[in-house]
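*Asks:* Following this line is data-v7.cif, made up of mmCIF, C-alpha atoms:
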data_input
#
loop_
_atom_site.group_PDB
_atom_site.id
_atom_site.type_symbol
_atom_site.label_atom_id
_atom_site.label_comp_id
_atom_site.auth_asym_id
_atom_site.auth_seq_id
_atom_site.Cartn_x
_atom_site.Cartn_y
_atom_site.Cartn_z
ATOM 1 C CA MET A 287 10.582 3.719 -9.632
ATOM 2 C CA VAL A 288 7.272 2.183 -10.592
ATOM 3 C CA ARG A 289 6.872 2.133 -14.375
ATOM 4 C CA ASP A 290 3.454 3.878 -14.285
ATOM 5 C CA GLY A 291 5.044 6.973 -12.754
ATOM 6 C CA ILE A 292 7.443 7.249 -15.680
ATOM 7 C CA PHE A 293 4.603 7.003 -18.222
ATOM 8 C CA TYR A 294 2.536 9.675 -16.460
ATOM 9 C CA ALA A 295 5.553 11.959 -16.101
ATOM 10 C CA LEU A 296 6.575 11.599 -19.761
ATOM 11 C CA ALA A 297 3.032 12.357 -20.920
ATOM 12 C CA LEU A 298 2.907 15.457 -18.717
ATOM 13 C CA LEU A 299 6.321 16.605 -19.916
ATOM 14 C CA ALA A 300 5.082 16.262 -23.508
ATOM 15 C CA VAL A 301 2.034 18.361 -22.582
ATOM 16 C CA ALA A 302 4.383 20.925 -21.000
ATOM 17 C CA GLY A 303 6.418 21.054 -24.204
ATOM 18 C CA VAL A 304 3.330 21.663 -26.335
ATOM 19 C CA VAL A 305 2.008 24.293 -23.917
ATOM 20 C CA ALA A 306 5.385 26.066 -23.814
ATOM 21 C CA TYR A 307 5.622 26.023 -27.614
ATOM 22 C CA PHE A 308 2.188 27.569 -28.138
ATOM 23 C CA THR A 309 2.128 29.925 -25.139
ATOM 24 C CA SER A 310 5.061 30.548 -22.800
ATOM 25 C CA VAL A 311 7.265 28.524 -20.465
ATOM 26 C CA TRP A 312 5.340 29.926 -17.508
ATOM 27 C CA TRP A 313 2.164 28.115 -18.611
ATOM 28 C CA ALA A 314 4.199 24.900 -18.898
ATOM 29 C CA ALA A 315 5.165 25.023 -15.210
ATOM 30 C CA PRO A 316 2.012 23.279 -13.845
ATOM 31 C CA PRO A 317 2.386 20.124 -16.014
ATOM 32 C CA VAL A 318 6.130 20.022 -15.205
ATOM 33 C CA LEU A 319 5.364 20.227 -11.479
ATOM 34 C CA LEU A 320 2.691 17.554 -11.853
ATOM 35 C CA ALA A 321 5.206 15.324 -13.692
ATOM 36 C CA ALA A 322 7.652 15.772 -10.813
ATOM 37 C CA PHE A 323 4.865 14.873 -8.361
ATOM 38 C CA PHE A 324 4.105 11.645 -10.251
ATOM 39 C CA LEU A 325 7.779 10.652 -10.231
ATOM 40 C CA TRP A 326 7.890 11.266 -6.490
ATOM 41 C CA PHE A 327 4.508 9.597 -5.798
ATOM 42 C CA PHE A 328 5.456 6.383 -7.647
ATOM 43 C CA ARG A 329 8.863 6.041 -6.006
ATOM 44 C CA ASP A 330 9.995 2.598 -4.843
ATOM 45 C CA PRO A 331 12.808 3.085 -2.311
ATOM 46 C CA GLU A 332 15.168 0.275 -1.392
ATOM 47 C CA ARG A 333 14.386 -1.186 2.010
ATOM 48 C CA THR A 334 16.367 -3.436 4.338
ATOM 49 C CA ILE A 335 14.132 -6.428 4.984
ATOM 50 C CA PRO A 336 14.487 -7.922 8.488
ATOM 51 C CA SER A 337 16.139 -11.339 8.264
ATOM 52 C CA GLU A 338 14.977 -12.818 11.575
ATOM 53 C CA PRO A 339 12.725 -15.866 11.226
ATOM 54 C CA GLY A 340 9.046 -15.583 12.080
ATOM 55 C CA VAL A 341 8.626 -11.849 11.497
ATOM 56 C CA ILE A 342 5.819 -10.257 9.538
ATOM 57 C CA VAL A 343 6.658 -6.904 7.981
ATOM 58 C CA SER A 344 4.336 -4.131 6.972
ATOM 59 C CA PRO A 345 3.237 -4.465 3.356
ATOM 60 C CA ALA A 346 2.940 -0.685 3.012
ATOM 61 C CA ASP A 347 4.124 2.654 4.309
ATOM 62 C CA GLY A 348 1.591 4.491 6.421
ATOM 63 C CA LYS A 349 -0.091 4.846 9.777
ATOM 64 C CA VAL A 350 -1.708 2.007 11.727
ATOM 65 C CA THR A 351 -5.331 3.115 12.074
ATOM 66 C CA HIS A 352 -7.061 0.003 13.373
ATOM 67 C CA ILE A 353 -6.262 -3.288 15.071
ATOM 68 C CA GLY A 354 -9.086 -5.736 15.642
ATOM 69 C CA ALA A 355 -10.602 -9.124 15.038
ATOM 70 C CA CYS A 356 -12.143 -10.276 11.791
ATOM 71 C CA LYS A 357 -13.228 -13.506 10.123
ATOM 72 C CA VAL A 358 -11.889 -14.823 6.845
ATOM 73 C CA ASN A 359 -13.679 -17.884 5.449
ATOM 74 C CA GLY A 360 -15.045 -18.558 8.939
ATOM 75 C CA GLU A 361 -11.576 -18.404 10.541
ATOM 76 C CA GLU A 362 -10.799 -15.821 13.243
ATOM 77 C CA ARG A 363 -7.905 -13.495 12.383
ATOM 78 C CA ARG A 364 -6.425 -10.236 13.632
ATOM 79 C CA ARG A 365 -6.539 -7.284 11.281
ATOM 80 C CA ILE A 366 -3.977 -4.492 11.184
ATOM 81 C CA SER A 367 -5.198 -1.606 8.997
ATOM 82 C CA ILE A 368 -2.627 0.773 7.542
ATOM 83 C CA PHE A 369 -3.676 4.091 6.000
ATOM 84 C CA LEU A 370 -1.522 5.507 3.205
ATOM 85 C CA ASN A 371 -1.699 9.268 2.803
ATOM 86 C CA VAL A 372 -0.616 11.042 -0.366
ATOM 87 C CA PHE A 373 2.922 11.502 1.016
ATOM 88 C CA ASP A 374 3.511 7.784 1.701
ATOM 89 C CA VAL A 375 5.176 5.404 -0.743
ATOM 90 C CA HIS A 376 2.366 3.717 -2.712
ATOM 91 C CA VAL A 377 4.057 0.372 -3.319
ATOM 92 C CA ASN A 378 2.866 -2.767 -1.557
ATOM 93 C CA ARG A 379 5.310 -5.489 -0.544
ATOM 94 C CA SER A 380 4.729 -9.031 0.681
ATOM 95 C CA PRO A 381 4.606 -9.198 4.494
ATOM 96 C CA VAL A 382 6.432 -12.572 4.500
ATOM 97 C CA ALA A 383 8.694 -14.543 2.186
ATOM 98 C CA GLY A 384 6.590 -17.235 0.585
ATOM 99 C CA THR A 385 4.435 -18.322 -2.286
ATOM 100 C CA ILE A 386 1.397 -16.403 -3.504
ATOM 101 C CA LYS A 387 -1.456 -18.896 -3.339
ATOM 102 C CA ASN A 388 -4.338 -16.695 -4.376
ATOM 103 C CA VAL A 389 -5.130 -13.206 -5.664
ATOM 104 C CA GLU A 390 -8.770 -12.157 -5.643
ATOM 105 C CA TYR A 391 -10.193 -8.881 -6.943
ATOM 106 C CA LYS A 392 -13.497 -7.653 -5.487
ATOM 107 C CA PRO A 393 -15.281 -4.629 -6.949
ATOM 108 C CA GLY A 394 -16.867 -2.359 -4.396
ATOM 109 C CA LYS A 395 -17.530 1.108 -3.074
ATOM 110 C CA PHE A 396 -15.137 3.934 -2.266
ATOM 111 C CA VAL A 397 -15.851 4.487 1.434
ATOM 112 C CA ASN A 398 -13.446 6.851 3.237
ATOM 113 C CA ALA A 399 -10.270 4.934 4.160
ATOM 114 C CA MET A 400 -10.495 6.124 7.776
ATOM 115 C CA ASP A 401 -13.866 4.361 8.171
ATOM 116 C CA PRO A 402 -13.450 0.730 9.366
ATOM 117 C CA ALA A 403 -16.310 -0.273 7.026
ATOM 118 C CA CYS A 404 -13.978 0.316 4.074
ATOM 119 C CA ALA A 405 -12.250 -3.012 4.835
ATOM 120 C CA GLU A 406 -15.352 -4.897 3.719
ATOM 121 C CA GLU A 407 -17.189 -2.495 1.412
ATOM 122 C CA ASN A 408 -14.467 -0.931 -0.747
ATOM 123 C CA GLU A 409 -12.977 -2.184 -3.976
ATOM 124 C CA GLN A 410 -10.059 -4.411 -3.011
ATOM 125 C CA ASN A 411 -7.429 -6.876 -4.080
ATOM 126 C CA THR A 412 -6.816 -9.726 -1.598
ATOM 127 C CA VAL A 413 -3.509 -11.608 -1.731
ATOM 128 C CA THR A 414 -2.911 -14.878 0.141
ATOM 129 C CA VAL A 415 0.724 -15.788 0.835
ATOM 130 C CA GLU A 416 1.979 -19.023 2.391
ATOM 131 C CA GLY A 417 5.362 -18.849 4.068
ATOM 132 C CA GLU A 418 7.115 -20.482 7.007
ATOM 133 C CA GLY A 419 4.215 -22.935 7.319
ATOM 134 C CA ARG A 420 1.645 -20.178 7.874
ATOM 135 C CA THR A 421 -0.856 -18.292 5.767
ATOM 136 C CA ILE A 422 -0.858 -14.493 5.711
ATOM 137 C CA ILE A 423 -3.484 -12.470 3.869
ATOM 138 C CA PHE A 424 -3.181 -8.838 2.928
ATOM 139 C CA LYS A 425 -5.680 -6.582 1.210
ATOM 140 C CA GLN A 426 -4.979 -3.616 -0.981
ATOM 141 C CA ILE A 427 -7.887 -1.275 -0.352
ATOM 142 C CA ALA A 428 -7.812 2.496 0.172
ATOM 143 C CA GLY A 429 -4.937 1.526 2.424
ATOM 144 C CA THR A 430 -3.676 -1.908 3.328
ATOM 145 C CA ASP A 431 -4.947 -4.555 5.734
ATOM 146 C CA VAL A 432 -2.830 -7.406 7.076
ATOM 147 C CA LEU A 433 -4.876 -10.389 8.282
ATOM 148 C CA LEU A 434 -2.872 -12.510 10.712
ATOM 149 C CA PRO A 435 -3.417 -15.838 12.435
ATOM 150 C CA LEU A 436 -4.463 -15.415 16.072
ATOM 151 C CA GLY A 437 -1.133 -16.814 17.285
ATOM 152 C CA ALA A 438 0.862 -13.899 15.874
ATOM 153 C CA GLU A 439 2.241 -11.465 18.477
ATOM 154 C CA LEU A 440 1.641 -7.864 17.388
ATOM 155 C CA THR A 441 4.505 -5.375 17.638
ATOM 156 C CA VAL A 442 2.589 -2.261 16.537
ATOM 157 C CA ALA A 443 -0.187 -0.154 18.016
ATOM 158 C CA VAL A 444 -2.779 2.211 16.566
ATOM 159 C CA GLY A 445 -1.039 5.466 15.663
ATOM 160 C CA ASP A 446 2.335 3.888 14.814
ATOM 161 C CA ARG A 447 3.951 4.798 11.488
ATOM 162 C CA VAL A 448 5.297 1.839 9.500
ATOM 163 C CA LYS A 449 7.526 1.374 6.461
ATOM 164 C CA GLY A 450 6.627 -1.254 3.863
ATOM 165 C CA GLY A 451 9.058 -4.162 3.757
ATOM 166 C CA ALA A 452 11.018 -2.881 6.757
ATOM 167 C CA SER A 453 8.811 -2.354 9.847
ATOM 168 C CA ILE A 454 7.995 -5.493 11.807
ATOM 169 C CA VAL A 455 4.261 -5.525 12.588
ATOM 170 C CA ALA A 456 4.073 -8.984 14.194
ATOM 171 C CA ARG A 457 6.038 -12.097 15.098
ATOM 172 C CA PHE A 458 5.052 -15.738 15.086
ATOM 173 C CA LYS A 459 5.390 -17.211 18.550
#
Show how you would write the structure in this file as structure tokens.

*Replies:*
Amino acid sequence: MVRDGIFYALALLAVAGVVAYFTSVWWAAPPVLLAAFFLWFFRDPERTIPSEPGVIVSPADGKVTHIGACKVNGEERRRISIFLNVFDVHVNRSPVAGTIKNVEYKPGKFVNAMDPACAEENEQNTVTVEGEGRTIIFKQIAGTDVLLPLGAELTVAVGDRVKGGASIVARFK
């Protein structure tokens, strides 16, 4: 469980208690249901991480919506975009074991997550991880992007559903 979910749920349960005290338990039902939703939304399920060398796992649960080329600091990369809907787990995990070398926040717009332009225009947090002698970049946007070196062999296609920390999205050759 992500700590934020507990705080939101406790606040809503307190609101439910106050509402029930001053009105009736029936009026307290909406904040109780909303508290249950927040506990469910901020869940962090255990995942079995693949142990094979050279694999890159999905950093998030969701649906692969785009695979294409992009440039990062003048270097060609392949981008896998993953859309998280409200029913997906909203916890990001590192796609590889390694060391976080950089975290960069960029303010931006709030373009629809299904629009490929969101990868450049939306508010985002970019994390650079070095592991197994390679650099992997992933972005937390209105979904998640994984930016891979060109030599990585993709194992997913547009439309595939992936699980963060468990689904292999690519392999190093």

*Asks:* Just say which residues the PyMOL selection byres ((chain A and resi 318-331) around 9) picks in this file, as a count of residues only.

*Replies:* 26

*Asks:* Please evaluate the PyMOL selection byres ((chain A and resi 412-425) around 10) against the structure above and give the resulting residues as an MDAnalysis selection string.

*Replies:* chainID A and resid 339:342 344:345 358 363 365:367 378:392 405 409:411 426:435 458

*Asks:* Check the smallest atom-to-atom distance from each of A:Leu436, A:Lys357, A:Ala346, A:Ala443 to Glu406 of chain A using all atoms listed in the file, then report the winner.

*Replies:* A:Lys357

*Asks:* Could you jot down the atom CA of Asn359 of chain A to atom CA of Ser453 of chain A separation for me, Å, one decimal place?

*Replies:* 27.7 Å

*Asks:* Atom CA of Lys449 of chain A to atom CA of Lys349 of chain A: how many Å, to one decimal?

*Replies:* 9.0 Å

*Asks:* Would you mind listing what lies within 12 Å of Gly445 of chain A as a list in words, with only C-alpha atoms counted and same-chain residues fewer than 6 positions away left out?

*Replies:*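 Neighbouring residues, sequence-local ones excluded: Gly348, Lys349, Val350, Thr351, His352, Ile353, Ile366, Ser367, Ile368 and Phe369 of chain A.
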
*Asks:* Can you measure atom CA of Pro336 of chain A to atom CA of Val455 of chain A for me? One decimal in Å is fine.

*Replies:*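 Between atom CA of Pro336 of chain A and atom CA of Val455 of chain A the gap is 11.3 Å.
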
*Asks:* Taking all atoms of segment 346-351 of chain A that appear in the file, build a box with edges along x, y and z, extend it by 4 Å on every side, and state its centre and edge lengths in Å to one decimal, as lines of an AutoDock Vina configuration file.

*Replies:*
center_x = -0.6
center_y = 2.1
center_z = 7.5
size_x = 17.5
size_y = 13.5
size_z = 17.1

*Asks:* Between A:Trp312, A:Ala300, A:Gly394, A:Val343, which is the closest to Val442 of chain A once you count only C-alpha atoms?

*Replies:* A:Val343

*Asks:* Suppose a student applies the PyMOL selection byres ((chain A and resi 439) around 8) to this structure; what residues should they get, written as a list of chain:residue names?

*Replies:*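 Applied to this file, the PyMOL selection byres ((chain A and resi 439) around 8) selects A:Gly437, A:Ala438, A:Leu440, A:Thr441, A:Ala456, A:Arg457, A:Phe458, A:Lys459.
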
*Asks:* I need every residue sitting at most 7 Å from the point (-14.9, -0.9, -2.6) (coordinates as in the file, only C-alpha atoms considered), written as an mmCIF file with C-alpha atoms, keeping the file's coordinate frame.

*Replies:*
data_model
loop_
_atom_site.group_PDB
_atom_site.id
_atom_site.type_symbol
_atom_site.label_atom_id
_atom_site.label_comp_id
_atom_site.auth_asym_id
_atom_site.auth_seq_id
_atom_site.Cartn_x
_atom_site.Cartn_y
_atom_site.Cartn_z
ATOM 1 C CA PRO A 393 -15.281 -4.629 -6.949
ATOM 2 C CA GLY A 394 -16.867 -2.359 -4.396
ATOM 3 C CA LYS A 395 -17.530 1.108 -3.074
ATOM 4 C CA PHE A 396 -15.137 3.934 -2.266
ATOM 5 C CA VAL A 397 -15.851 4.487 1.434
ATOM 6 C CA CYS A 404 -13.978 0.316 4.074
ATOM 7 C CA GLU A 407 -17.189 -2.495 1.412
ATOM 8 C CA ASN A 408 -14.467 -0.931 -0.747
ATOM 9 C CA GLU A 409 -12.977 -2.184 -3.976
ATOM 10 C CA GLN A 410 -10.059 -4.411 -3.011
#
